[in-house]
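Let me begin by presenting the structure, written as structure tokens, before commenting on it.
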Protein chains: 2
Amino acid sequence: MRISVLLTAACAFVFQQARGAEMPGLMPLPAKVSPAEGALRIDQTFRISLAGYGEPRLRAYAERLVARLARQTGLPLPAWPEGEPAQATLAIRCERAGEPAPSLREDESYRLEVTPRQAILSAATPVGAMRGMETFLQLVAPERESFSAPAVLIDDRPRFPWRGLVIDVARHYIPVEVLERNIDAMAAAKYNVLHLHISDDQGFRIESKRFPKLHQMGSDGVFYTQDEIRRLAGYARERGIRVLPEFDMPGHTTSWFVGHPELASQPGPYRIERHWGKHFPTIDASREETYEFFEAFLAEMAALFPDEYFHIGGDEVNPKHWSENARIQAFIRERKLNDNQGLQAYFNRRLQAILRKHGKKMVGWDEILHPDLPKDIVVQSWRGQKSLAAAARQGYQGMLSYGYYLDLMQPASAHYRIDPMDKDAASLTPEERSRILGGEACMWTENVSAETLDARTWPRAAAIAERLWSPQDVTDVDSMYRRLARISRHLDWLGLTHNSSYRIMLQRLAGDAPVESLQILADVLEPVKGYVRNRSNPTQQTPLNRLVDAARPESDTAREFAGRLERLVAGTASAGERREIREKLASWRDNHARLAPVLERSFLLQEAEPLSKDLAAVGAAGLEALDYLESGKHPPEPWAKERLVFLDQAKQQRAHLLLMVVAPVRQLVEAAAR
Amino acid sequence: MRISVLLTAACAFVFQQARGAEMPGLMPLPAKVSPAEGALRIDQTFRISLAGYGEPRLRAYAERLVARLARQTGLPLPAWPEGEPAQATLAIRCERAGEPAPSLREDESYRLEVTPRQAILSAATPVGAMRGMETFLQLVAPERESFSAPAVLIDDRPRFPWRGLVIDVARHYIPVEVLERNIDAMAAAKYNVLHLHISDDQGFRIESKRFPKLHQMGSDGVFYTQDEIRRLAGYARERGIRVLPEFDMPGHTTSWFVGHPELASQPGPYRIERHWGKHFPTIDASREETYEFFEAFLAEMAALFPDEYFHIGGDEVNPKHWSENARIQAFIRERKLNDNQGLQAYFNRRLQAILRKHGKKMVGWDEILHPDLPKDIVVQSWRGQKSLAAAARQGYQGMLSYGYYLDLMQPASAHYRIDPMDKDAASLTPEERSRILGGEACMWTENVSAETLDARTWPRAAAIAERLWSPQDVTDVDSMYRRLARISRHLDWLGLTHNSSYRIMLQRLAGDAPVESLQILADVLEPVKGYVRNRSNPTQQTPLNRLVDAARPESDTAREFAGRLERLVAGTASAGERREIREKLASWRDNHARLAPVLERSFLLQEAEPLSKDLAAVGAAGLEALDYLESGKHPPEPWAKERLVFLDQAKQQRAHLLLMVVAPVRQLVEAAAR
């Protein structure tokens, strides 16, 4: 389900009016926010209390809240500045224990009332209290007199119970500490499912004690031990987050066959696949020995992961190896399975029966949907809301990943506009609608490494988190971007490297040269969209150290510049904005002279030379257009034509990068020519 | 020895000619560098070999080298890309085991020969090989064709055997993980002693199982467990670094007395001291019970730290509590100790005898020097080279910390100019000179927290490391700064936060406002020098979250600007430099209009308003001066006078910050007026 998907904004979305007074710091926006008068001062007298039902992970979360508040404000706070509930700056009250393990059925609601005297957080369960603690931290900011949290009454609960992030640890291995900090970020954004894509053609990333050849021969030595997985699941549980394991089957399984060729539909031998894309190796679903293997293997894995769901992948099965195997085709005929699809359904039914024995519910991608399958499975849709609604109508639970593929390098706004329930869900009954559980953002890692994972995921993933948590009518994109900038800073304090890695990667590219002029270029670049980069046929061994890897998925500089230009053309730009536009254009025009020698000196940067040159020309064209506009003079006929021809060329990708200021400058040139 | 010391550059320093062709990346500069033709390509075919004597920490270091090379280049390398010694890209050969524990006597020499075919690193001991591995990593940079290391023959050994960094973990607790990454940075800069200032008036930071009230009542709950200390010493040993514990006595001991008032010279009760400076509480050196305590306590601590040295502090003993205690004064008369100083010498002799029993050599600050003390102690001099030379003449070993106080916020160049052997050592015999063992940089943490430690220490500490490792005639300051910039980037890859914390701290100050204009101001600020900040009487509870805490100890922007202006005034500036000067001045002139509303909105930033306003005026004055200079016109009489009066005001500290571009702009105004 990866290569072919293309994100379109073609779904219906409704602009509704912004919800009340905006709480500047909050993402996701709570279900109900009622601003009040005044603010709660946060200083070194900060005290916290826990009352009602208690358990260690609640106390641990509250201790981390104190440490994070200290980090966020720079205030030296004791490890546990306890106060009486009636006087504490933040008084937390939890009613009862929640689900024993993080669960779809968890009550995540909370109520947070901030007055100038104190903040009172009440929640039914520890997980609800955790969600509320994140909201509290987001409220605290430096104001005129002190750090403070604005007075407010928040009543909050998630719109969807399943809000996940897929991290593909198979294409590129992601070390545990990187996963841990991403779990912290997920909790900050109120995600509640970490979906690990554990195995694929390019790697089998978990220790199996029953079948050690799986990880020993299928992972290049980089895999999670069972202890690490247990610790990771514990780490996630401490933050109210489920860990959903995915073993992608029966396709996407080359790495399994390196150690276990007998599972495959063709004799092999097999090597770990280094290329991306859809490959032929497929599990032989016709042999009874295959199911003996899975009886043992799934028993082992089911015991390792506490979650009640278990993902078996099921996407993009390439039928070639089945079709070419006479024995398999005979099996299909014999069992009246109709075709290869019927065989996949058979395979899924068998796996499902094994999983059920271990108390697990099965999850799979769109393709697992088949009339033969029982209804207690969950379908993860990469195909779209229509497919999701259809599944719901048939009685299946489902969640959406279509539109949430972070590796497509789309802007946050594109993901934000995708709703799991759009017009396709309009005709569903309430019961059918309740089967749409939520969605999952996906970070596929063909072109993402441990070094770049944070920056490829955050802050954009927080916009998707808001879509899944906040009411459906929270759709104001400008508001979303303002709040996204703030949560991005909160993620810095959590140790995410999405911001800090940028300059470090640029420095690597520039070597001993100063990095400033390279950053001026990089600030207006974005990686090419979709899977265009894969056309150059990169492999697992391709270094991810190019400018495209440092460039941010979404250029704030370009987006903000486009906004200013729009106001300029509409005649609503302020004097300050007009000056900033001119300064930016001039800085781009002048940048290439400084940057060219830097680019020339580093083999990694030579490919960026045309982009830098074009940015200079884009800046120059923009300045000319601005001069025409401001002087009221009309440009000579060929001027605009030539500029537009150039700009249409300049917007093409080079070095897998796009110059994101071409489109706004084109608008300016058009305005000048009118 | 802290408050009164003032760093002066009044010592003799000799400018010698730069040493041969500069290897751009190397810091400290090796003893002997002979550049050769060509370069060794570094790509995914990189292979490594270890031959000769082997031990686990050597292999572990080499594995980290591979991981760091991968991080530094972005090349995906296997965990252990082993090759045959004859073919390996980096072939390491170690002759024999070194000292069992990191030691002053360790042979740290190595030889690194890089040819276009391979790099061969040979060393007598594992620690020598570690030093050479750091040099190898520093050689690798992106070039025109690939990453590569220039061909070169390096023969290297340290000038001094004792090259330390004091981290004061008493005034502010520094968590273990921060110490660990600083140990990594120390190894990168070829330091070999981490000196922990473990106890002081404001905190007793280590678990004592014999006397648990020490850490339980004297640390606010933030201390190192014995396990943590053992792990830390192991972590340091793995990097060829000694851990030298310092328990500062008999003064600087208030925190001990909270749990053990019976050790004090006055009855108490005592509380942890929150203020900085010299305090009165002092260990009662006259009671025999005191020495019974130290028999047990030092036995426990001596066993915990493997190093053969043990630091007893001994500085800044305030005699008030001794003088006011009639029993103590009677003891002094009785024992014919002369005076309070005699009593301190008696105390030191007693401690020294206990330490000797445990195989430890005693180290102390200048003040421990007393004719009664045996010669096998080491004196750490904060008073200067004269005092160090005098001690050497008397037969004592010593090392220098005078001139190396990083908390004074001096530029790297000021530290760099201080040599442990200056003119005062000129008249020493070779034997006496050999007693000067090296030096230690000091990071006292009155105004430094775990958050700011890295940025207060690095990269400046690397300049001191070079002074202690490289030959005495390596003194070219411009070369030092070029190489300092590069090692600073290497420290980013090691995870140090000295660069990444800057923007995060600025963001905290700016709240929701964009940070760019704040950064333009912060880029030209430095914290006030010396201990002026302490005049405002901060305490251990004072938040370290102000602009002064974010500002870098040394402004690269200001230093580079000053260099350009110097060339401008001398008439040697290039056209590009002249343009950059004008752009900088204009950006400063225009910055206040943008920044003022940001400053006004955040209580943390309001104090910076005068600085921002003055920067605008400095920029404007500089532009005017530039216009006069370039037009050849002479300014009217009052113009220069008024500007100079203003600039003399603007160079004063405000908010504990200095505008570092005032002095160069003053030079420009003077040039225009001439």
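Labels used: A, B, ... for chains in the order of the structure tokens, numbers from 1 for residues in each chain, and numbers from 1 for ligands as shown.
In chain B, the set of residues within 6 Å of chain A (atoms considered: only C-alpha atoms) is B:Gly74, B:Leu75, B:Pro76, B:Pro142, B:Glu143, B:Arg144, B:Glu145, B:Ser146, B:Ser500, B:Gly511, B:Pro543, B:Asn545, B:Arg601, B:Ser602, B:Phe603.
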Practice task
Give me the residues within 7 Å of region 280-291 of chain A as a list in words, counting only C-alpha atoms and dropping any in the same chain fewer than 4 places off.
Solution key: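 So, after excluding close chain neighbours, the residues are Pro250, Gly251, Thr253, Thr254, Leu263, Ala264, Ser265, Glu295, Asn318, Lys320, His321, Ile328, Phe331, Leu343 and Phe347 of chain A.
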Practice task
May I have the residues within 12 Å of Leu629 (chain A) as a list in words, using only C-alpha atoms and disregarding those fewer than 3 positions away in the same chain?
Solution key: Leu568, Val569, Ala570, Gly571, Arg578, Gly622, Leu623, Glu624, Ala625, Leu626, Gly632, Lys633, His634, Pro635, Leu668, Val669, Glu670, Ala671, Ala672, Ala673 and Arg674 of chain A
Can those selected residues be exported to a file as a short mmCIF file (atom, residue, chain, number, x, y, z; two decimals), in the first residue's frame so that it contains all heavy atoms?
```cif
data_model
loop_
_atom_site.label_atom_id
_atom_site.label_comp_id
_atom_site.auth_asym_id
_atom_site.auth_seq_id
_atom_site.Cartn_x
_atom_site.Cartn_y
_atom_site.Cartn_z
N LEU A 568 0.08 41.08 0.25
CA LEU A 568 0.63 42.18 -0.56
C LEU A 568 -0.18 42.35 -1.84
O LEU A 568 -0.61 43.45 -2.21
CB LEU A 568 2.09 41.89 -0.92
CG LEU A 568 2.77 42.98 -1.75
CD1 LEU A 568 3.45 44.00 -0.85
CD2 LEU A 568 3.77 42.40 -2.74
N VAL A 569 -0.41 41.23 -2.51
CA VAL A 569 -1.14 41.29 -3.78
C VAL A 569 -2.58 41.74 -3.53
O VAL A 569 -3.16 42.48 -4.34
CB VAL A 569 -1.09 39.91 -4.48
CG1 VAL A 569 -2.01 39.87 -5.68
CG2 VAL A 569 0.35 39.59 -4.91
N ALA A 570 -3.12 41.33 -2.40
CA ALA A 570 -4.49 41.75 -2.07
C ALA A 570 -4.53 43.18 -1.52
O ALA A 570 -5.61 43.71 -1.25
CB ALA A 570 -5.09 40.78 -1.04
N GLY A 571 -3.35 43.76 -1.32
CA GLY A 571 -3.30 45.14 -0.82
C GLY A 571 -3.53 45.26 0.67
O GLY A 571 -3.80 46.35 1.17
N ARG A 578 5.63 44.48 4.01
CA ARG A 578 6.21 44.84 2.71
C ARG A 578 7.72 44.92 2.79
O ARG A 578 8.44 44.48 1.91
CB ARG A 578 5.60 46.15 2.22
CG ARG A 578 4.14 45.99 1.73
CD ARG A 578 3.71 47.12 0.79
NE ARG A 578 3.88 48.43 1.40
CZ ARG A 578 2.97 49.03 2.18
NH1 ARG A 578 1.81 48.42 2.45
NH2 ARG A 578 3.21 50.21 2.70
N GLY A 622 11.49 38.61 -8.23
CA GLY A 622 10.54 39.12 -7.24
C GLY A 622 10.77 40.59 -6.96
O GLY A 622 9.81 41.37 -6.85
N LEU A 623 12.03 40.98 -6.85
CA LEU A 623 12.33 42.39 -6.57
C LEU A 623 11.90 43.28 -7.73
O LEU A 623 11.35 44.37 -7.52
CB LEU A 623 13.83 42.56 -6.30
CG LEU A 623 14.28 42.11 -4.90
CD1 LEU A 623 15.80 42.09 -4.82
CD2 LEU A 623 13.70 43.03 -3.83
N GLU A 624 12.15 42.81 -8.95
CA GLU A 624 11.71 43.58 -10.12
C GLU A 624 10.19 43.74 -10.10
O GLU A 624 9.65 44.84 -10.31
CB GLU A 624 12.13 42.86 -11.42
CG GLU A 624 13.62 42.92 -11.70
CD GLU A 624 14.04 41.94 -12.80
OE1 GLU A 624 13.15 41.47 -13.55
OE2 GLU A 624 15.24 41.64 -12.91
N ALA A 625 9.51 42.64 -9.84
CA ALA A 625 8.05 42.69 -9.81
C ALA A 625 7.57 43.66 -8.74
O ALA A 625 6.63 44.45 -8.95
CB ALA A 625 7.49 41.29 -9.55
N LEU A 626 8.23 43.62 -7.60
CA LEU A 626 7.87 44.50 -6.50
C LEU A 626 8.07 45.96 -6.91
O LEU A 626 7.23 46.83 -6.60
CB LEU A 626 8.77 44.16 -5.30
CG LEU A 626 8.25 44.48 -3.91
CD1 LEU A 626 6.91 43.83 -3.67
CD2 LEU A 626 9.26 44.00 -2.86
N GLY A 632 3.95 51.52 -9.74
CA GLY A 632 2.77 51.64 -10.58
C GLY A 632 3.09 51.58 -12.07
O GLY A 632 2.20 51.73 -12.91
N LYS A 633 4.36 51.34 -12.40
CA LYS A 633 4.74 51.24 -13.82
C LYS A 633 4.37 49.87 -14.36
O LYS A 633 4.40 48.88 -13.64
CB LYS A 633 6.25 51.44 -13.98
CG LYS A 633 6.67 52.88 -13.95
CD LYS A 633 8.12 53.00 -14.42
CE LYS A 633 8.75 54.25 -13.86
NZ LYS A 633 10.13 54.07 -13.43
N HIS A 634 4.10 49.84 -15.64
CA HIS A 634 3.77 48.57 -16.26
C HIS A 634 5.04 47.97 -16.88
O HIS A 634 5.75 48.67 -17.59
CB HIS A 634 2.70 48.78 -17.33
CG HIS A 634 1.98 47.50 -17.63
ND1 HIS A 634 1.03 46.96 -16.78
CD2 HIS A 634 2.09 46.64 -18.67
CE1 HIS A 634 0.57 45.84 -17.30
NE2 HIS A 634 1.21 45.62 -18.45
N PRO A 635 5.31 46.71 -16.62
CA PRO A 635 6.53 46.12 -17.21
C PRO A 635 6.37 45.94 -18.71
O PRO A 635 5.25 45.76 -19.20
CB PRO A 635 6.63 44.76 -16.52
CG PRO A 635 5.25 44.45 -16.06
CD PRO A 635 4.57 45.76 -15.79
N LEU A 668 3.46 37.07 -7.69
CA LEU A 668 3.88 38.47 -7.67
C LEU A 668 4.15 38.99 -9.08
O LEU A 668 3.76 40.11 -9.44
CB LEU A 668 5.14 38.58 -6.80
CG LEU A 668 5.65 39.97 -6.44
CD1 LEU A 668 4.65 40.69 -5.54
CD2 LEU A 668 7.00 39.87 -5.71
N VAL A 669 4.82 38.16 -9.86
CA VAL A 669 5.13 38.56 -11.24
C VAL A 669 3.83 38.74 -12.02
O VAL A 669 3.67 39.71 -12.78
CB VAL A 669 6.04 37.50 -11.91
CG1 VAL A 669 6.13 37.72 -13.41
CG2 VAL A 669 7.43 37.54 -11.27
N GLU A 670 2.90 37.83 -11.80
CA GLU A 670 1.61 37.95 -12.48
C GLU A 670 0.89 39.23 -12.07
O GLU A 670 0.30 39.93 -12.90
CB GLU A 670 0.73 36.74 -12.18
CG GLU A 670 1.10 35.54 -13.04
CD GLU A 670 0.34 34.27 -12.63
OE1 GLU A 670 -0.22 34.24 -11.52
OE2 GLU A 670 0.34 33.31 -13.44
N ALA A 671 0.97 39.54 -10.79
CA ALA A 671 0.31 40.75 -10.31
C ALA A 671 0.95 41.99 -10.93
O ALA A 671 0.26 42.95 -11.31
CB ALA A 671 0.39 40.83 -8.79
N ALA A 672 2.28 41.97 -11.06
CA ALA A 672 2.98 43.12 -11.63
C ALA A 672 2.62 43.29 -13.10
O ALA A 672 2.59 44.41 -13.62
CB ALA A 672 4.48 42.95 -11.47
N ALA A 673 2.37 42.16 -13.76
CA ALA A 673 2.11 42.21 -15.21
C ALA A 673 0.66 42.62 -15.51
O ALA A 673 0.34 42.97 -16.64
CB ALA A 673 2.40 40.84 -15.83
N ARG A 674 -0.19 42.56 -14.51
CA ARG A 674 -1.60 42.88 -14.74
C ARG A 674 -1.83 44.37 -14.94
O ARG A 674 -1.21 45.19 -14.29
CB ARG A 674 -2.45 42.40 -13.56
CG ARG A 674 -3.00 40.99 -13.78
CD ARG A 674 -4.15 40.67 -12.83
NE ARG A 674 -3.77 40.71 -11.43
CZ ARG A 674 -3.30 39.68 -10.73
NH1 ARG A 674 -3.13 38.50 -11.32
NH2 ARG A 674 -2.99 39.80 -9.46
#
```
Exercise for the section: Using DSSP on the backbone, list every residue of region 213-309 of chain B that comes out as strand (DSSP E), and give them as an NGL selection string. Expected result: :B and (242-249 or 309)
How would the residues just picked look written out with all heavy atoms as a short mmCIF file (atom, residue, chain, number, x, y, z; two decimals), in the first residue's frame?
```
data_model
loop_
_atom_site.label_atom_id
_atom_site.label_comp_id
_atom_site.auth_asym_id
_atom_site.auth_seq_id
_atom_site.Cartn_x
_atom_site.Cartn_y
_atom_site.Cartn_z
N ARG B 242 40.94 9.85 34.05
CA ARG B 242 40.91 9.67 35.50
C ARG B 242 39.74 10.45 36.09
O ARG B 242 39.34 11.47 35.54
CB ARG B 242 42.20 10.17 36.13
CG ARG B 242 43.47 9.47 35.65
CD ARG B 242 44.73 10.30 35.95
NE ARG B 242 44.69 10.79 37.31
CZ ARG B 242 45.36 11.85 37.75
NH1 ARG B 242 46.13 12.53 36.93
NH2 ARG B 242 45.26 12.24 39.00
N VAL B 243 39.21 9.95 37.19
CA VAL B 243 38.22 10.75 37.94
C VAL B 243 38.85 11.09 39.29
O VAL B 243 39.15 10.20 40.09
CB VAL B 243 36.89 10.00 38.14
CG1 VAL B 243 35.95 10.82 39.01
CG2 VAL B 243 36.24 9.72 36.80
N LEU B 244 39.08 12.38 39.49
CA LEU B 244 39.70 12.85 40.72
C LEU B 244 38.62 13.44 41.61
O LEU B 244 37.99 14.43 41.25
CB LEU B 244 40.74 13.93 40.38
CG LEU B 244 41.40 14.63 41.56
CD1 LEU B 244 42.38 13.69 42.27
CD2 LEU B 244 42.10 15.91 41.11
N PRO B 245 38.39 12.84 42.79
CA PRO B 245 37.36 13.39 43.68
C PRO B 245 37.95 14.51 44.53
O PRO B 245 39.09 14.41 45.01
CB PRO B 245 37.00 12.20 44.56
CG PRO B 245 38.26 11.38 44.63
CD PRO B 245 39.00 11.60 43.33
N GLU B 246 37.19 15.56 44.70
CA GLU B 246 37.58 16.61 45.65
C GLU B 246 36.50 16.78 46.71
O GLU B 246 35.33 17.02 46.38
CB GLU B 246 37.79 17.95 44.94
CG GLU B 246 38.12 19.07 45.95
CD GLU B 246 38.11 20.48 45.35
OE1 GLU B 246 37.97 20.61 44.12
OE2 GLU B 246 38.23 21.45 46.14
N PHE B 247 36.93 16.64 47.96
CA PHE B 247 36.09 17.01 49.09
C PHE B 247 36.75 18.25 49.69
O PHE B 247 37.84 18.15 50.26
CB PHE B 247 36.01 15.88 50.11
CG PHE B 247 35.27 14.67 49.58
CD1 PHE B 247 35.95 13.67 48.88
CD2 PHE B 247 33.89 14.55 49.75
CE1 PHE B 247 35.27 12.57 48.38
CE2 PHE B 247 33.21 13.44 49.25
CZ PHE B 247 33.90 12.46 48.54
N ASP B 248 36.12 19.38 49.52
CA ASP B 248 36.75 20.63 49.92
C ASP B 248 36.67 20.77 51.44
O ASP B 248 35.60 20.78 52.01
CB ASP B 248 36.07 21.80 49.21
CG ASP B 248 36.96 23.03 49.13
OD1 ASP B 248 38.05 23.02 49.76
OD2 ASP B 248 36.58 23.98 48.44
N MET B 249 37.87 20.89 52.10
CA MET B 249 37.94 20.92 53.56
C MET B 249 39.14 21.75 53.99
O MET B 249 40.10 21.82 53.23
CB MET B 249 38.16 19.50 54.12
CG MET B 249 37.23 18.46 53.56
SD MET B 249 37.61 16.84 54.25
CE MET B 249 38.90 16.23 53.20
N TYR B 309 45.14 9.66 43.19
CA TYR B 309 45.14 10.98 43.83
C TYR B 309 43.79 11.25 44.48
O TYR B 309 42.77 10.69 44.07
CB TYR B 309 45.46 12.07 42.79
CG TYR B 309 46.89 12.00 42.32
CD1 TYR B 309 47.25 11.15 41.28
CD2 TYR B 309 47.88 12.76 42.94
CE1 TYR B 309 48.58 11.07 40.86
CE2 TYR B 309 49.21 12.69 42.53
CZ TYR B 309 49.55 11.84 41.49
OH TYR B 309 50.85 11.76 41.08
#
```
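Taking only C-alpha atoms into account, Ser413 (chain B) lies nearest to B:Ala461 out of the set B:Leu58, B:Ala461, B:Ala596, B:Ala187.
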Problem - Near-Ala412 (chain B) list (8 Å; only C-alpha atoms; drop same-chain fewer than 2 positions) as number ranges by chain - result: B: 410, 414-416, 460-461, 463-464, 554
Handout entry: Closest of A:Asp454, A:Glu37, A:Asp424, A:Glu440 to Leu153 (chain A) - atom-to-atom distances counting only C-alpha atoms
Key = A:Glu37
Handout entry: Contacts of Glu526 (chain A) at 9 Å (only C-alpha atoms; same-chain gap of 4+ positions) as an MDAnalysis selection string
Key = chainID A and resid 409 522 548 551:555 656:660
Exercise for the section: Any chance you could list, as JSON, numbers by chain, the residues in region 15-264 of chain A that come up helix (DSSP H, G or I) when DSSP is run on the backbone? Expected result: {"A": [56, 57, 58, 59, 60, 61, 62, 63, 64, 65, 66, 67, 68, 69, 70, 71, 72, 73, 126, 127, 128, 129, 130, 131, 132, 133, 134, 135, 136, 137, 138, 139, 176, 177, 178, 179, 180, 181, 182, 183, 184, 185, 186, 187, 188, 213, 214, 215, 216, 217, 218, 226, 227, 228, 229, 230, 231, 232, 233, 234, 235, 236, 237, 254, 255, 256, 257, 258, 259, 261, 262, 263]}
Practice task
Mind checking which residues fall within 10 Å of Thr45 (chain A), counting only C-alpha atoms, ignoring those fewer than 4 positions away in the same chain, and posting them as a list in words?
Solution key: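 Counting only C-alpha atoms, the residues come to Arg41, Leu75, Leu77, Pro81, Gly83, Ala88 and Thr89 of chain A.
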Export, as a short mmCIF file (atom, residue, chain, number, x, y, z; two decimals), in the first residue's frame, the selected residues with all heavy atoms.
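Output file selection_24.cif follows:
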```
data_model
loop_
_atom_site.label_atom_id
_atom_site.label_comp_id
_atom_site.auth_asym_id
_atom_site.auth_seq_id
_atom_site.Cartn_x
_atom_site.Cartn_y
_atom_site.Cartn_z
N ARG A 41 -0.27 32.26 38.27
CA ARG A 41 1.16 32.51 38.24
C ARG A 41 1.93 31.21 38.48
O ARG A 41 1.58 30.43 39.37
CB ARG A 41 1.47 33.53 39.34
CG ARG A 41 2.90 34.00 39.39
CD ARG A 41 3.10 34.92 40.60
NE ARG A 41 4.49 35.34 40.66
CZ ARG A 41 4.94 36.46 40.11
NH1 ARG A 41 4.12 37.30 39.51
NH2 ARG A 41 6.24 36.75 40.18
N LEU A 75 12.91 27.25 35.89
CA LEU A 75 12.76 27.44 37.33
C LEU A 75 13.35 26.23 38.05
O LEU A 75 13.04 25.09 37.69
CB LEU A 75 11.28 27.58 37.71
CG LEU A 75 10.54 28.80 37.17
CD1 LEU A 75 9.04 28.67 37.43
CD2 LEU A 75 11.08 30.08 37.82
N LEU A 77 12.98 23.67 40.45
CA LEU A 77 11.92 23.10 41.28
C LEU A 77 12.44 21.83 41.94
O LEU A 77 13.23 21.10 41.34
CB LEU A 77 10.70 22.75 40.41
CG LEU A 77 10.03 23.91 39.67
CD1 LEU A 77 8.92 23.38 38.75
CD2 LEU A 77 9.46 24.93 40.65
N PRO A 81 7.57 18.78 44.60
CA PRO A 81 7.15 19.90 45.45
C PRO A 81 5.70 19.74 45.88
O PRO A 81 4.80 20.40 45.37
CB PRO A 81 7.33 21.11 44.53
CG PRO A 81 7.15 20.57 43.15
CD PRO A 81 7.57 19.13 43.18
N GLY A 83 2.20 19.77 47.74
CA GLY A 83 1.40 20.72 48.51
C GLY A 83 0.08 20.07 48.90
O GLY A 83 -0.25 18.97 48.43
N ALA A 88 -2.39 23.52 46.47
CA ALA A 88 -1.41 23.22 45.43
C ALA A 88 -1.67 24.05 44.18
O ALA A 88 -2.82 24.34 43.84
CB ALA A 88 -1.47 21.73 45.08
N THR A 89 -0.61 24.45 43.50
CA THR A 89 -0.75 25.17 42.24
C THR A 89 -1.48 24.28 41.24
O THR A 89 -2.34 24.74 40.49
CB THR A 89 0.65 25.53 41.69
OG1 THR A 89 1.53 25.81 42.77
CG2 THR A 89 0.57 26.70 40.74
#
```
